[in-house]
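What follows is protein_38.csv (CSV, C-alpha atoms).
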chain,number,residue,atom,x,y,z
X,358,MET,CA,8.0,80.3,-38.1
X,359,SER,CA,4.8,78.3,-38.7
X,360,THR,CA,1.7,79.5,-36.9
X,361,ARG,CA,-0.2,77.2,-34.6
X,362,ALA,CA,-2.9,77.1,-37.3
X,363,ALA,CA,-0.4,75.9,-39.9
X,364,LYS,CA,0.9,73.2,-37.6
X,365,ILE,CA,-2.6,72.0,-36.7
X,366,ILE,CA,-3.8,71.9,-40.3
X,367,ASN,CA,-0.7,70.0,-41.4
X,368,PHE,CA,-1.3,67.5,-38.6
X,369,ASN,CA,-4.9,67.0,-39.6
X,370,ARG,CA,-4.0,66.5,-43.2
X,371,GLU,CA,-1.3,63.9,-42.5
X,372,VAL,CA,-2.6,61.9,-39.5
X,373,ALA,CA,-3.4,58.4,-40.6
X,374,PHE,CA,-3.4,54.9,-39.1
X,375,SER,CA,-1.9,52.2,-41.2
X,376,GLY,CA,-2.0,49.3,-38.8
X,377,SER,CA,-4.5,46.5,-38.4
X,378,LEU,CA,-7.7,46.8,-36.3
X,379,PRO,CA,-9.7,44.1,-34.7
X,380,PRO,CA,-12.6,42.6,-36.7
X,381,ASP,CA,-15.7,44.7,-37.2
X,382,ILE,CA,-13.9,47.9,-36.1
X,383,ARG,CA,-13.1,50.7,-38.7
X,384,ILE,CA,-11.2,53.9,-38.5
X,385,LEU,CA,-13.0,57.2,-38.6
X,386,ASN,CA,-10.9,59.9,-40.3
X,387,PRO,CA,-13.0,63.0,-41.1
X,388,PHE,CA,-10.2,64.6,-43.0
X,389,ARG,CA,-10.0,61.8,-45.6
X,390,SER,CA,-13.7,61.2,-46.1
X,391,ASN,CA,-15.1,64.7,-46.8
X,392,SER,CA,-13.4,67.6,-48.5
X,393,GLU,CA,-16.0,70.0,-47.1
X,394,VAL,CA,-15.0,69.0,-43.5
X,395,GLN,CA,-11.4,69.7,-44.3
X,396,ALA,CA,-12.2,73.1,-45.6
X,397,ILE,CA,-14.4,74.0,-42.6
X,398,SER,CA,-11.9,72.8,-40.0
X,399,GLU,CA,-9.1,74.7,-41.7
X,400,ALA,CA,-11.1,77.9,-41.7
X,401,PHE,CA,-11.7,77.4,-38.0
X,402,TYR,CA,-8.0,76.9,-37.2
X,403,ARG,CA,-6.9,79.9,-39.3
X,404,LYS,CA,-9.4,82.1,-37.5
X,405,PHE,CA,-8.4,81.2,-34.0
X,406,TYR,CA,-4.8,79.9,-34.2
X,407,SER,CA,-3.0,82.1,-36.7
X,408,ASP,CA,-0.3,83.1,-34.2
X,409,ASN,CA,2.6,81.5,-32.3
X,410,GLN,CA,1.2,81.7,-28.8
X,411,PRO,CA,1.5,78.5,-26.8
X,412,ARG,CA,-1.7,76.7,-25.7
X,413,LYS,CA,-2.6,74.2,-23.1
X,414,LEU,CA,-4.0,70.9,-24.4
X,415,ILE,CA,-7.5,69.7,-23.6
X,416,LEU,CA,-8.0,66.1,-24.7
X,417,GLY,CA,-11.2,64.2,-25.4
X,418,ILE,CA,-11.3,60.5,-26.1
X,419,ASN,CA,-11.4,60.1,-29.8
X,420,PRO,CA,-13.6,61.7,-32.6
X,421,GLY,CA,-17.2,60.7,-32.7
X,422,ARG,CA,-19.5,60.6,-35.7
X,423,LEU,CA,-21.4,63.7,-34.8
X,424,GLY,CA,-18.6,65.9,-33.4
X,425,ALA,CA,-15.1,66.0,-34.6
X,426,GLY,CA,-15.9,63.1,-36.8
X,427,ALA,CA,-18.4,65.3,-38.7
X,428,THR,CA,-16.8,68.8,-38.5
X,429,GLY,CA,-13.1,68.0,-38.0
X,430,ILE,CA,-13.1,70.1,-34.8
X,431,PRO,CA,-13.4,68.4,-31.4
X,432,PHE,CA,-16.7,69.2,-29.5
X,433,THR,CA,-17.8,71.6,-32.2
X,434,ASP,CA,-20.9,70.9,-34.2
X,435,SER,CA,-22.2,73.0,-37.2
X,436,LYS,CA,-24.5,75.0,-34.9
X,437,ARG,CA,-21.6,76.2,-32.8
X,438,LEU,CA,-19.5,76.8,-35.8
X,439,GLY,CA,-22.1,79.3,-37.0
X,440,ASP,CA,-22.8,80.9,-33.7
X,441,PRO,CA,-20.7,81.8,-31.8
X,442,CYS,CA,-17.7,81.0,-34.0
X,443,GLY,CA,-19.0,83.0,-37.0
X,444,LEU,CA,-18.1,80.4,-39.7
X,445,GLU,CA,-20.1,79.2,-42.7
X,446,THR,CA,-20.7,75.5,-42.7
X,447,GLY,CA,-22.3,75.1,-46.2
X,448,SER,CA,-24.4,71.9,-46.4
X,449,LEU,CA,-23.0,70.5,-43.2
X,450,LYS,CA,-25.7,70.3,-40.5
X,451,THR,CA,-24.8,68.5,-37.2
X,452,HIS,CA,-25.8,68.7,-33.6
X,453,GLU,CA,-23.7,67.2,-30.8
X,454,PRO,CA,-24.8,67.3,-27.2
X,455,SER,CA,-21.2,67.6,-25.9
X,456,SER,CA,-20.7,70.7,-28.0
X,457,VAL,CA,-23.5,72.4,-26.1
X,458,PHE,CA,-21.7,72.0,-22.8
X,459,ILE,CA,-18.3,72.9,-24.1
X,460,TYR,CA,-19.5,76.1,-25.6
X,461,GLU,CA,-21.2,77.0,-22.3
X,462,VAL,CA,-17.7,76.7,-20.8
X,463,ILE,CA,-16.3,78.7,-23.6
X,464,ASP,CA,-18.9,81.4,-23.1
X,465,ALA,CA,-18.2,81.5,-19.4
X,466,MET,CA,-14.5,82.0,-20.2
X,467,GLY,CA,-15.0,85.0,-22.5
X,468,GLY,CA,-16.0,83.5,-25.8
X,469,PRO,CA,-14.2,81.6,-28.6
X,470,GLU,CA,-11.5,84.1,-29.4
X,471,ARG,CA,-10.3,84.4,-25.8
X,472,PHE,CA,-10.7,80.7,-25.0
X,473,TYR,CA,-9.0,79.4,-28.1
X,474,SER,CA,-6.1,81.8,-27.6
X,475,LYS,CA,-5.2,79.8,-24.5
X,476,TYR,CA,-6.4,76.2,-25.2
X,477,TYR,CA,-6.1,73.7,-28.0
X,478,ILE,CA,-8.7,70.9,-27.9
X,479,ASN,CA,-8.0,67.5,-29.5
X,480,SER,CA,-8.2,63.9,-28.5
X,481,VAL,CA,-6.0,61.3,-26.8
X,482,CYS,CA,-6.5,59.3,-30.1
X,483,PRO,CA,-6.8,61.8,-32.9
X,484,LEU,CA,-8.8,59.4,-35.1
X,485,GLY,CA,-12.1,57.9,-34.2
X,486,PHE,CA,-13.5,54.4,-34.5
X,487,VAL,CA,-16.8,52.8,-35.4
X,488,ARG,CA,-17.8,49.2,-34.7
X,489,LYS,CA,-20.5,46.9,-36.1
X,490,ASN,CA,-23.1,46.1,-33.4
X,491,GLN,CA,-25.3,43.0,-33.3
X,492,LYS,CA,-27.9,44.6,-35.5
X,493,GLY,CA,-25.2,45.3,-38.2
X,494,ASN,CA,-25.2,49.0,-37.6
X,495,TRP,CA,-21.9,51.0,-37.3
X,496,VAL,CA,-21.8,52.9,-34.0
X,497,ASN,CA,-19.2,55.0,-32.1
X,498,CYS,CA,-16.4,53.1,-30.4
X,499,ASN,CA,-13.8,54.4,-27.9
X,500,TYR,CA,-10.1,53.4,-28.1
X,501,TYR,CA,-10.3,51.9,-24.6
X,502,ASP,CA,-13.5,49.9,-25.2
X,503,PHE,CA,-11.7,46.7,-26.2
X,504,PRO,CA,-8.2,45.7,-24.9
X,505,GLU,CA,-7.2,44.4,-28.4
X,506,LEU,CA,-8.1,47.8,-29.9
X,507,PHE,CA,-6.1,49.7,-27.4
X,508,LYS,CA,-3.1,47.4,-27.9
X,509,ALA,CA,-3.4,47.9,-31.7
X,510,VAL,CA,-3.4,51.7,-31.6
X,511,ARG,CA,-1.3,52.4,-28.5
X,512,PRO,CA,2.0,53.2,-30.5
X,513,PHE,CA,0.0,55.4,-32.9
X,514,MET,CA,-1.5,57.2,-29.9
X,515,ILE,CA,1.8,57.9,-28.2
X,516,GLU,CA,3.4,59.1,-31.4
X,517,ASN,CA,0.5,61.5,-32.1
X,518,LEU,CA,0.3,62.7,-28.5
X,519,GLN,CA,3.9,63.7,-28.8
X,520,THR,CA,3.1,65.7,-31.9
X,521,GLN,CA,0.0,67.3,-30.3
X,522,ALA,CA,2.1,68.4,-27.3
X,523,ARG,CA,4.6,70.0,-29.6
X,524,ILE,CA,1.9,71.7,-31.6
X,525,ALA,CA,0.3,73.1,-28.4
X,526,GLY,CA,3.6,74.3,-27.1
X,527,ASP,CA,2.8,74.0,-23.4
X,528,ALA,CA,3.1,70.6,-21.8
X,529,SER,CA,3.0,71.9,-18.2
X,530,VAL,CA,-0.6,70.5,-17.8
X,531,CYS,CA,-3.0,68.6,-19.9
X,532,PHE,CA,-6.8,68.4,-19.2
X,533,ALA,CA,-8.3,65.0,-19.9
X,534,LEU,CA,-12.1,64.8,-20.5
X,535,GLY,CA,-13.6,61.7,-19.0
X,536,LYS,CA,-12.3,59.9,-15.9
X,537,LYS,CA,-11.5,56.6,-17.7
X,538,ASN,CA,-9.9,58.6,-20.5
X,539,ALA,CA,-7.7,60.3,-17.9
X,540,ARG,CA,-6.6,56.9,-16.4
X,541,PHE,CA,-5.5,55.7,-19.8
X,542,LEU,CA,-3.7,58.9,-20.6
X,543,GLU,CA,-1.9,58.7,-17.3
X,544,THR,CA,-0.6,55.2,-18.3
X,545,LEU,CA,0.6,56.6,-21.7
X,546,ASN,CA,2.1,59.6,-19.9
X,547,GLN,CA,4.1,57.4,-17.6
X,548,GLU,CA,5.5,55.6,-20.6
X,549,ALA,CA,6.2,58.6,-22.8
X,550,GLY,CA,6.7,61.5,-20.4
X,551,LEU,CA,4.3,63.8,-22.3
X,552,PHE,CA,3.0,66.2,-19.7
X,553,ALA,CA,4.1,67.4,-16.3
X,554,HIS,CA,0.6,67.1,-14.9
X,555,ILE,CA,-2.8,65.7,-16.0
X,556,VAL,CA,-6.1,67.1,-14.7
X,557,ALA,CA,-9.2,64.9,-15.1
X,558,LEU,CA,-12.6,66.4,-15.8
X,559,ASP,CA,-15.9,64.8,-16.2
X,560,HIS,CA,-16.7,64.1,-19.9
X,561,PRO,CA,-19.1,66.6,-21.5
X,562,ARG,CA,-21.3,63.8,-22.7
X,563,TYR,CA,-21.7,62.5,-19.2
X,564,VAL,CA,-22.6,66.0,-18.0
X,565,VAL,CA,-25.2,66.5,-20.7
X,566,GLN,CA,-26.7,63.0,-20.4
X,567,TYR,CA,-26.7,62.4,-16.7
X,568,LYS,CA,-26.1,65.8,-14.9
X,569,SER,CA,-28.0,68.3,-17.1
X,570,ARG,CA,-29.8,69.8,-14.1
X,571,HIS,CA,-26.4,70.6,-12.6
X,572,MET,CA,-24.8,71.8,-15.8
X,573,SER,CA,-24.0,75.3,-14.4
X,574,GLU,CA,-22.0,73.7,-11.6
X,575,TYR,CA,-20.0,71.6,-14.0
X,576,VAL,CA,-19.3,74.7,-16.1
X,577,ALA,CA,-18.0,76.4,-13.0
X,578,THR,CA,-15.8,73.4,-12.2
X,579,TYR,CA,-14.3,73.4,-15.7
X,580,ARG,CA,-13.7,77.2,-15.5
X,581,ARG,CA,-12.0,76.9,-12.1
X,582,ALA,CA,-9.7,74.1,-13.3
X,583,LEU,CA,-8.8,75.7,-16.6
X,584,GLN,CA,-8.2,79.2,-15.0
X,585,ALA,CA,-6.1,77.7,-12.2
X,586,ALA,CA,-3.6,76.5,-14.9
X,587,HIS,CA,-3.0,80.1,-15.9
X,588,ASP,CA,-2.7,81.5,-12.4
Go ahead and render the structure in this file as structure tokens.
Amino acid sequence: MSTRAAKIINFNREVAFSGSLPPDIRILNPFRSNSEVQAISEAFYRKFYSDNQPRKLILGINPGRLGAGATGIPFTDSKRLGDPCGLETGSLKTHEPSSVFIYEVIDAMGGPERFYSKYYINSVCPLGFVRKNQKGNWVNCNYYDFPELFKAVRPFMIENLQTQARIAGDASVCFALGKKNARFLETLNQEAGLFAHIVALDHPRYVVQYKSRHMSEYVATYRRALQAAHD
């Protein structure tokens, strides 16, 4: 039987979008653009997922340029890969504010080994997007930012959510990061019957950017919600 690590690695290697996107929007696939990213992410999953134990899914929005878009691992920048995950990142140097918060949660729940033995983090849309702004620069874009983008990727998202649910092995509950993200996931869940229950949590980026003074309270909220799923 394949381990969770093997299933995740295979998913990351194969995931691809072949449809058409609206003008001035491009796909962000870290596994096709950088072999170093692929090697680092595979080392991560082999370290923490080389077993057959089911996990509960935690789903962000879609990869951003500085997080999963850079390392191949959601909410994990190169700093957190080094400490506390204990992995070498080579020339890769990234800092993602959301990663700071997520690893505060992970620390509060016993550290990476204990946390990742229970949870699998990915995204509602496993590939990210960048769009060209008025200055001609390419910036992060969420799958729900434009109706035409969501319409274009909706079948792709449902197909890959089904795959991610199978990989995780526990569809009793799914944690959605970001209230708007949760609303869209609820819509997809009603159509595809993916999860028995969806729990919405404030997005880490929102916490870091707007509620940093209350970060410990948000860490406690995450911890209570996540632990309740195992009680």
**Request:** Please work out which residues fall within 9 Å of (-19.6, 53.2, -36.6), coordinates as given in the file, with only C-alpha atoms counting, and return them as a PyMOL selection string.
**Result:** chain X and resi 382-385+421-422+486-490+494-498
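With distances restricted to all atoms listed in the file, X:Ile459 is the closest residue to X:Arg437 from X:Ile459, X:Leu416, X:Val576, X:Met514.
Shortest separation to X:Lys450 among X:Leu438, X:Leu378, X:Gln566, X:Tyr406 occurs at residue X:Leu438, atoms counted being all atoms listed in the file.
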**Fill in**
The residue from X:Asn369, X:Asn517, X:Ser375, X:Asn419 with the smallest atom-to-atom distance to X:Arg389, counting all atoms listed in the file, is X:Asn369
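Nearest residue to X:Arg412 among X:Phe374, X:Tyr460, X:Phe552, X:Phe472 is X:Phe472, counting only C-alpha atoms.
If you measure from each of X:Val457, X:Val481, X:Ile418, X:Val510 to X:Asp434 using only C-alpha atoms, the closest one turns out to be X:Val457.
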**Asked** Please, which residues are within 7 Å of (-9.4, 46.4, -34.0) by the file's coordinates, counting all atoms listed in the file, and could they come as a PyMOL selection string?
**Response** chain X and resi 377-380+382+505-506+509
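Distance annotation: of X:Thr446, X:Thr520, X:Asn367, X:Ser359, the residue with the minimal separation from X:Phe401 is X:Thr446; atom set is all atoms listed in the file.
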**Message:** Can you tell me which residues surround X:Gly550 at a distance of at most 12 Å, considering only C-alpha atoms, apart from same-chain residues fewer than 6 positions away, and format the answer as an MDAnalysis selection string?
**Reply:** chainID X and resid 515:516 518:519 522 528:530 542:544
**Prompt:** What's the 8 Å shell around X:Ser398, counting only C-alpha atoms, without same-chain residues fewer than 5 positions away, as a VMD selection string?
**Reply:** chain X and resid 428 to 430
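Atom to atom, atom CA of X:Asp588 and atom CA of X:Phe541 stand 27.0 Å apart.
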**Item:** Within 10 Å of X:Pro454 using all atoms listed in the file, minus same-chain residues under 6 positions, as an MDAnalysis selection string
**Value:** chainID X and resid 423:424 432:434 561:566
Got a minute to add N, CA and C atoms to stretch 569-585 of chain X and dump it as a compact mmCIF listing (two decimals), keeping the file's coordinate frame?
# COMPACT_ATOMS: atom_id res chain seq x y z
N SER X 569 -27.57 67.04 -16.42
CA SER X 569 -28.00 68.30 -17.10
C SER X 569 -28.58 69.30 -16.14
N ARG X 570 -29.21 68.83 -15.06
CA ARG X 570 -29.80 69.80 -14.10
C ARG X 570 -28.69 70.56 -13.35
N HIS X 571 -27.51 70.00 -13.35
CA HIS X 571 -26.40 70.60 -12.60
C HIS X 571 -25.34 71.18 -13.59
N MET X 572 -25.75 71.45 -14.83
CA MET X 572 -24.80 71.80 -15.80
C MET X 572 -24.00 73.09 -15.42
N SER X 573 -24.67 74.06 -14.83
CA SER X 573 -24.00 75.30 -14.40
C SER X 573 -22.87 75.02 -13.43
N GLU X 574 -23.08 74.02 -12.57
CA GLU X 574 -22.00 73.70 -11.60
C GLU X 574 -20.84 73.04 -12.28
N TYR X 575 -21.10 72.22 -13.30
CA TYR X 575 -20.00 71.60 -14.00
C TYR X 575 -19.26 72.64 -14.87
N VAL X 576 -19.99 73.60 -15.42
CA VAL X 576 -19.30 74.70 -16.10
C VAL X 576 -18.39 75.44 -15.20
N ALA X 577 -18.85 75.70 -13.98
CA ALA X 577 -18.00 76.40 -13.00
C ALA X 577 -16.78 75.56 -12.63
N THR X 578 -16.96 74.24 -12.53
CA THR X 578 -15.80 73.40 -12.20
C THR X 578 -14.78 73.40 -13.32
N TYR X 579 -15.23 73.31 -14.57
CA TYR X 579 -14.30 73.40 -15.70
C TYR X 579 -13.59 74.75 -15.66
N ARG X 580 -14.34 75.81 -15.45
CA ARG X 580 -13.70 77.20 -15.50
C ARG X 580 -12.67 77.30 -14.40
N ARG X 581 -12.96 76.82 -13.20
CA ARG X 581 -12.00 76.90 -12.10
C ARG X 581 -10.70 76.13 -12.46
N ALA X 582 -10.89 74.92 -12.97
CA ALA X 582 -9.70 74.10 -13.30
C ALA X 582 -8.88 74.69 -14.40
N LEU X 583 -9.54 75.17 -15.44
CA LEU X 583 -8.80 75.70 -16.60
C LEU X 583 -8.11 77.04 -16.18
N GLN X 584 -8.80 77.88 -15.44
CA GLN X 584 -8.20 79.20 -15.00
C GLN X 584 -7.04 78.95 -14.06
N ALA X 585 -7.15 77.93 -13.21
CA ALA X 585 -6.10 77.70 -12.20
C ALA X 585 -4.75 77.38 -12.93
